[in-house]
Every structure is written in C-alpha cells, then in structure tokens.
Amino acid sequence: MIWHILRKDTRLVWWLAAMAAAAQACAALVARIIDGGRQSLQLHLVGDMLAAVAVFSFAMAVVAVMQQDPVPGTRQDWLVRPIRRSDLVLAKLAAVLLLLQLPMWVVDVGVGLVHGFGLTAAMLSAGSRTLQMFCELALPAMLIGAVTRTVGEAVIMAVACLLLYMMLFVVGLSLLLGIKATIMDSGSHWMFTAAFDLAALLGTALLLRLQYSSRRTLLARWLLVGGGAAIVGIAFMPWPLAFSMQSALAPLPAAARPIDVTYNSHAGRFQLPLGALPVLSSALQLPLEFTGLPADSLVMMDRADVRISAPDGTLLYKGTSHVSVDGQGSILWARFWVRTGPGDGPVHALYQRIYLPPEVYAQLAHREVRLAVDYSLTLFGQATRDALPAVAGNKRLADLGQCRTSVDAEGDDVVLECWSATRPSSCATAYLEEPGTGARDFAAYLCMPDYSPALFGQVWPDAIYRTRGEVQ
Amino acid sequence: MTIEVENLYRDFGRHEALRGLSLTVPRGSAYALIGANGAGKTTTIKTVMNIITPTRGSTRILGVDSRSLGVAQLQRIGYVSENQELPRRLTVAQYLEYLRPFYPSWDRELERSVLGELRLPADRRMGDLSHGMRIKMALACALPFRPEVLILDEPFSGLDSLVRDEFMARLLQQAGEMTILISSHELSEIEGITTHVGFIDQGRLLFQESMSELSDRFRQVRITLSAPGRVPEPTPPGWLDTSLAGNVVSFVDSQFTEATLAASVAALFHGVRSIDVQPIDLRAIFTTLARAARGGTS
C-alpha cells in the first residue's frame with residue numbers, strides 16, 4: 001500500500017515539489033550566468049534569493065507531505081482506516097525521496113553536466129548534496145511535520161525553536177557566560193554537521209516510531225526541542241576536545257610533532273613594509289619563530305587562545321585571536337599562514353597580529369605584562385603543483401577542478417576561479433611567477449579550512465564547489 | 001460480544017472524562033449510547049477505536065484489545081463521526097478510489113448505490129462540501145465494504161431533517177448486516193433501529209439493557225384523585241419526575257409492572273379516580289433520566 005499512499009500524496013503536493021525544483025533550476029541558471037563571468041551584486045542577490053526559495057519550498061513541501069495524514073489530533077480519518085503505520089511512514093519517506101529530492105537531484109545533475117563535468121561525477125556530486133539535504137533539511141522538516149497539524153503550526157514551531165535556541169545559546173551561553181561556538185568558525189565545523197546529521201537520522205527513526213505507533217505528540221515535541229538543543233550544544237564543545245578529536249582523525253597525526261613555535265626575542269619591533277599604510281587598529285605584533293617545518297608545506301593557525309596577565313599573575317585579558325573586531329567595528333581575519341617552498345630551510349619567522357579591544361590595548365600599552373598563547377595549528381603538505389597563464393587561462397587543475405584566470409574590474413588583481421564536482425583542496429597557495437626568471441610575487445592563500453570527511457557534500461547554492469581568489 | 005468495555009478510566013488533566021465505565025455491545029445489536037453533553041460518549045467511542053488511549057481499564061472490539069487494533073480488524077469496522085476530518089483537497093471520487101484497495105471486501109456496486117442515494121457529487125473536493133455532505137461522505141466511506149461493526153459518533157449533529165432522513169434511510173438498508181454502536185442526541189431518529197441502550201452520565205454507565213426491556217419498564221403515569229392530594233415523601237423507588245397539579249399526580253415509573261402499579265397507588269393515595277398509563281419514547285426516557293441524574297436520583 002506504500003505506492004498507493006504515495007500516489008495520493010503526489011496528487012496533493014506535486015505543485016509544491018514542482019515549485020521547489022523550479023526555484024532550484026532558476027537558482028542554478030543564475031549561478032551559471034555568474035560563473036560565466038557576469039558578476040554583479042544584483043545577480044548574486046537574485047541567485048541567493050532563488051536558492052533560498054528552493055530550500056524553503058522544499059522544507060514546506062516535506063512538512064506538507066507529512067501533514068496530508070496529520071498525526072496529532074483525534075479526528076483524522078486515516079486513524080480509523082486499515083492502513084499499516086509502517087506503510088504510512090514509508091510512503092511519506094518515499095514521497096520525500098522520489099517526489100521532492102529526486103527532481104532536485106536531477107536539476108543538480110544537469111548543473112554538473114552544464115559545467116562540463118562527466119555524468120558520473122555530476123551524479124555523485126548531486127547525490128552527495130541530496131544526502132546532505134536529506135539529513136539537514138528533509139529529516140528535521142519530517143519531524144516537525146509529524147508533530148504539527150498545519151503548515152502554520154510547523155512554521156510557528158520552527159521559529160519558536162530558533163528563538164529558544166538563540167536565547168539559550170547566543171544570549172545565555174555566548175553573551176552572558178562568554179562560552180563561544182568554538183568549532184563553527186574552524187575547519188572542524190563538520191563535527192557539528194555530523195552530529196546534526198546523525199541525530200537527525202536517529203531522532204527521526206525514534207520520533208516517527210513514537211508518533212506513528214503511539215501518537216504521543218506532546219512527548220515527541222519535547223524530545224524534538226530538547227534533542228535540537230543538545231545538538232546545538234555540540235557547537236559549543238570545548239575547543240581542546242574538538243582539536244584533539246580532529247588531530248586524531250588527521251591523515252598523519254604525528255606529522256606536526258617536530259614543529260616548534262617560539263617567541264622570537266631577536267626579531268625586534270615590528271616594522272611596516274615599505275609603502276604600506278599603517279593599520280588603524282589596536283593590535284599587538286608578536287614575533288614568532290617556527291622551526292622544524294618540512295619543505296613544501298604550510299602551517300595554518302586554526303585558533304590562538306590569548307591570555308595577558310600582570311607580572312603577579314592577575315589575569316588582564318583573555319580572548320581568541322583568529323577572528324577579531326578592530327577599533328572600527330570591522331571583523332578581521334587574523335589567521336596566519338607559514339609557507340615553505342621546495343628549497344626552504346626549517347626556520348621561519350613572522351609577526352602574528354593579535355587584535356585587542358581598544359580599551360584593553362590602551363590600558364596595557366605601556367605596562368609590563370605576561371603573554372601566553374595557546375596555538376591550534378594545522379600542517380598541510382603539498383599534494384600537487386600546477387600552473388596556468390595569468391590572463392585568460394583555462395585549465396583543469398588536479399585538486400581545484402576546472403580553473404580560469406582573468407583580470408578584475410579594477411585591473412590590479414588576477415582572479416583565479418575554479419569549479420569542481422568533487423571537493424577541492426581546502427587550502428591552496430597561488431602566486432604570480434615570471435616563467436623566465438622564476439621570480440614570484442606575494443602569495444595568496446586560498447584556505448577555507450574544511451576537515452570534513454569526503455561524505456559531506458556541497459549544499460549552497462548547488463552541488464558545484466567553487467574556489468575563488470585574487471592574486472595581487 | 002462484539003464490543004466490551006471494562007472499568008474504563010480516562011483523564012484529561014484534572015478532568016475525569018470516564019470513571020470506571022463498563023458496557024457490552026452484543027453481536028448483531030444496534031446499541032445506542034445516550035447521555036448528556038460531556039457525559040463521556042465520544043471519549044468511550046474514541047477509546048474503543050484506539051484513537052484515545054485509556055488511563056485505566058480496557059476495551060475490546062471484535063475480540064481484540066483496542067490498543068492492538070490492526071489492519072485485519074479495521075477492515076471490518078466502519079466509523080462515522082460528526083467531526084471526522086477528511087482530506088480537504090481530494091474529491092469525493094478520488095477519496096473513494098484511495099480507500100478501495102484498503103478493504104478487500106469493498107463492493108463497487110454498493111459504493112455506486114450509496115453515492116447515488118446520498119446524492120454526493122463525485123467531482124467535488126471534500127473541503128468544499130457542507131457539514132451535512134461531509135457526514136454523508138463519511139457514511140459513504142464506511143458502508144461499501146460491508147463492515148461487521150459500524151460505529152457512529154453523533155452522526156446527526158448539525159444535520160437538517162432532510163439529510164438525516166437520507167442518512168437513516170441508507171443506514172437502515174444495511175442495519176441488519178452489522179453490529180451498530182451509535183451515540184446521538186437525536187433519539188427519535190435512532191429509536192427505530194436501536195435494540196439496546198446504554199445510559200452514560202459523568203463518565204459512568206448508569207444502566208444498559210435491551211430496548212424492549214426498557215420500553216416495558218418505563219411508563220408515563222397520571223393518577224387522577226377525587227380531591228387535591230399531596231406527593232408522598234419519599235416517593236417509591238423507580239418513580240421519577242413526580243409532580244402534582246391540582247388533583248393530578250404525574251410521574252415516570254421506571255420499574256413498571258402492570259400487576260403491582262394499582263396496588264402501590266392504592267396504598268399511597270386515597271380517592272383514586274383513575275390511573276392513566278402510557279408508554280413513552282426513548283427521548284422521553286432519556287430526558288427523565290438526565291433530569292433525575294442531575295437531581296441526584298436514578
């Protein structure tokens with residue numbers, strides 16, 4: 001009877017499924033226009049809006065599928081019909097997969113093919129996105145749909161949960177207690193995603209069983225809200241725990257052991273490079289020395305926990321320095337990278353910029369303090385090296401996909417753009433090189449750390465991975 | 001027995017909707033569950049259908065505990081309720097088409113006949129049907145598979161007399177084939193098919209018996225005295241709604257036996273000029289009992 005119920009649901013919600021797929025197709029079309037080189041803020045806004053409409057329609061359609069036979073209440077006709085509860089649940093699942101996810105998968109495959117990827121690559125890439133959409137959007141929407149009677153109720157419940165979590169975590173934990181969602185702005189953010197996906201799978205199995213077998217809606221709602229809170233809580237896990245888990249999962253966990261980071265007492269005061277504008281912010285420039293770096297490698301700072309104390313041990317300031325807000329209110333990306341070339345030696349020096357709140361900086365500027373920094377660093381090895389012309393280059397690069405180069409609108413930067421159906425390397429270094437002499441310009445680091453397992457796919461706005469960087 | 005309810009309790013927060021209710025519906029009977037609003041009729045029926053789980057006690061239908069009702073049993077049970085929610089966006093024909101495969105005994109010919117007699121528009125969405133039409137639709141969905149048990153929960157609420165007649169006419173055609181449990185305020189409508197009655201008040205069953213026994217033991221009695229008298233205190237057991245108007249004493253005798261009434265009256269009143277005894281209908285019985293229950297007598 002599963003197909004029979006599915007046919008009935010299809011008759012009722014096909015238009016919502018069509019709307020979601022159409023919005024997804026339109027978003028893909030806009031993304032294709034942007035990828036074709038027509039960059040504009042308006043196009044980006046329209047593309048994002050269409051992708052958001054697709055996602056929202058998809059979620060609404062999932063809720064509507066579930067609510068064709070609502071579980072809460074005592075008046076629904078299906079309750080007195082000889083319908084196996086398991087058939088009903090499986091029919092809903094089939095509707096979500098076949099009626100809603102399949103068309104979006106087809107659109108994603110089409111996007112991959114239009115981008116010039118092979119059928120298998122396009123199908124796998126779209127499949128990966130479909131899987132993630134299923135875990136992160138479809139399953140939660142199924143759960144909300146199973147504990148509410150109308151779309152309005154579902155929206156109210158979703159918004160209420162969001163508000164509750166914001167109050168609990170953003171206001172309560174983050175603002176009042178100063179406990180931050182440490183892993184979300186690091187390459188380990190996948191831990192939250194993985195926990196969310198796992199909880200969505202297990203939670204759906206548990207709550208749908210609870211709802212369809214004994215229809216205990218109140219209990220199911222509480223479990224849903226409580227389970228959601230527990231998952232959000234994972235984003236606030238202590239950073240040392242997340243980092244040690246990530247280290248254990250690294251391909252070569254021991255590779256970074258020989259590397260030392262020390263205070264470079266011989267470096268002297270920081271000097272601005274010739275011609276550079278002074279930075280209008282309250283930042284310390286901390287001289288560091290790295291030793292033991294292998295050739296052709298890159299060390300990236302994931303996070304630095306900074307503690308400044310008085311000589312007697314009184315704590316004066318405590319904070320993290322990978323993301324900072326300067327005196328002008330701008331968010332500054334304060335990560336650093338240490339890169340070694342093929343013939344480089346093991347010792348490298350740099351100044352780490354540590355942004356401090358202006359009032360802290362003013363208070364500490366002229367007094368003796370002790371500075372302790374706890375670093376979380378990642379060592380990248382070089383996998384591949386490739387070259388393409390700086391202007392009008394168009395070439396498939398091993399770890400980045402199909403790439404092209406152009407000069408930006410201002411005419412002062414070379415833009416490197418790449419598209420890939422599989423996950424590209426999360427860290428790349430690009431530089432301009434004079435082929436004759438081998439002379440190089442400043443390197444640009446295209447590092448968006450993402451240490452997630454290969455199973456996790458690209459979700460927004462489609463299944464295509466995009467890498468973009470500007471080389472000066 | 002087709003339906004057995006035993007010591008059933010159901011609480012909604014602090015409110016006790018059912019308080020130890022027990023009843024039995026014999027196979028082949030048409031059992032009317034009567035009682036005032038809020039007495040617990042709908043809660044009882046929903047518990048029998050496993051729509052509501054009991055706080056305590058048990059219900060069995062077709063030999064199976066209601067909590068274990070499965071496909072095999074539900075294929076033999078028809079259910080019609082005043083507030084049944086049917087899929088609003090499906091048409092009448094689409095919904096019948098959807099339901100057919102779930103019932104192996106579904107009779108297409110009977111379906112056509114029911115649809116025609118109830119004058120249901122096949123191509124109209126159920127969300128666009130009037131209340132009366134929705135109830136008729138619920139009946140049209142409950143009859144074509146020839147259920148062994150038909151449960152009707154206040155099916156006449158909000159129906160005009162024409163629709164009621166159509167509903168009852170259709171029901172009567174199949175009434176002999178099945179066991180019926182019906183809760184209704186429209187007692188005059190169901191009196192014709194009822195074989196058994198259960199009277200429920202404040203979550204308890206006050207009595208249940210066959211309609212013939214009930215009709216036999218309830219009588220409206222009017223005693224005309226030769227001079228104005230007074231109502232004896234206390235009134236004999238079984239005398240309900242006793243009143244005096246001049247020299248006429250009226251009451252409903254709930255334990256009527258022809259042989260003893262005259263003797264009882266003679267012992268209580270002097271100068272009895274005449275005794276008029278009339279049978280009363282189910283509606284009058286219900287009204288009398290409800291009034292008595294409210295007054296604390298039964």
# chains A, B, ... in the order shown; residues from 1 in each chain; ligands from 1
call {"tool": "closest_atom_pairs", "arguments": {"of": "region 102-186 of chain B", "to": "region 1-7 of chain B", "cutoff": "10 Å", "atoms": "only C-alpha atoms", "output": "CSV"}}
result
residue,atom,partner,partner_atom,distance
B:Glu148,CA,B:Thr2,CA,9.1
B:Val149,CA,B:Thr2,CA,7.8
B:Thr179,CA,B:Thr2,CA,7.4
B:Ile180,CA,B:Thr2,CA,9.6
B:Leu181,CA,B:Ile3,CA,8.8
call {"tool": "write_last_selection", "arguments": {"atoms": "C-alpha atoms", "output": "CSV table (one decimal), in the first residue's frame"}}
result
chain,number,residue,atom,x,y,z
B,148,GLU,CA,-19.3,-6.1,10.6
B,149,VAL,CA,-19.3,-3.2,13.1
B,179,THR,CA,-23.5,-4.5,14.9
B,180,ILE,CA,-24.0,-0.8,15.4
B,181,LEU,CA,-22.8,1.4,18.2
call {"tool": "residues_around", "arguments": {"residues": "Leu143 (chain B)", "least_positions_apart": "2", "cutoff": "8 Å", "atoms": "only C-alpha atoms", "output": "PyMOL selection string"}}
result
chain B and resi 78+111+114+139-141+145-147
call {"tool": "closest_residue", "arguments": {"among": "A:Tyr317, A:Tyr263, A:Trp190, A:Phe117", "to": "Gln363 (chain A)", "atoms": "only C-alpha atoms"}}
result
A:Tyr317
call {"tool": "interface_residues", "arguments": {"of": "chain A", "to": "chain B", "cutoff": "6 Å", "atoms": "only C-alpha atoms", "output": "ChimeraX atom specification"}}
result
/A:74-77,82
call {"tool": "residues_around", "arguments": {"residues": "region 214-222 of chain A", "least_positions_apart": "6", "cutoff": "10 Å", "atoms": "only C-alpha atoms", "output": "ChimeraX atom specification"}}
result
/A:71-74,143-144,146-148,157,203,206-208,228 /B:50-53,67
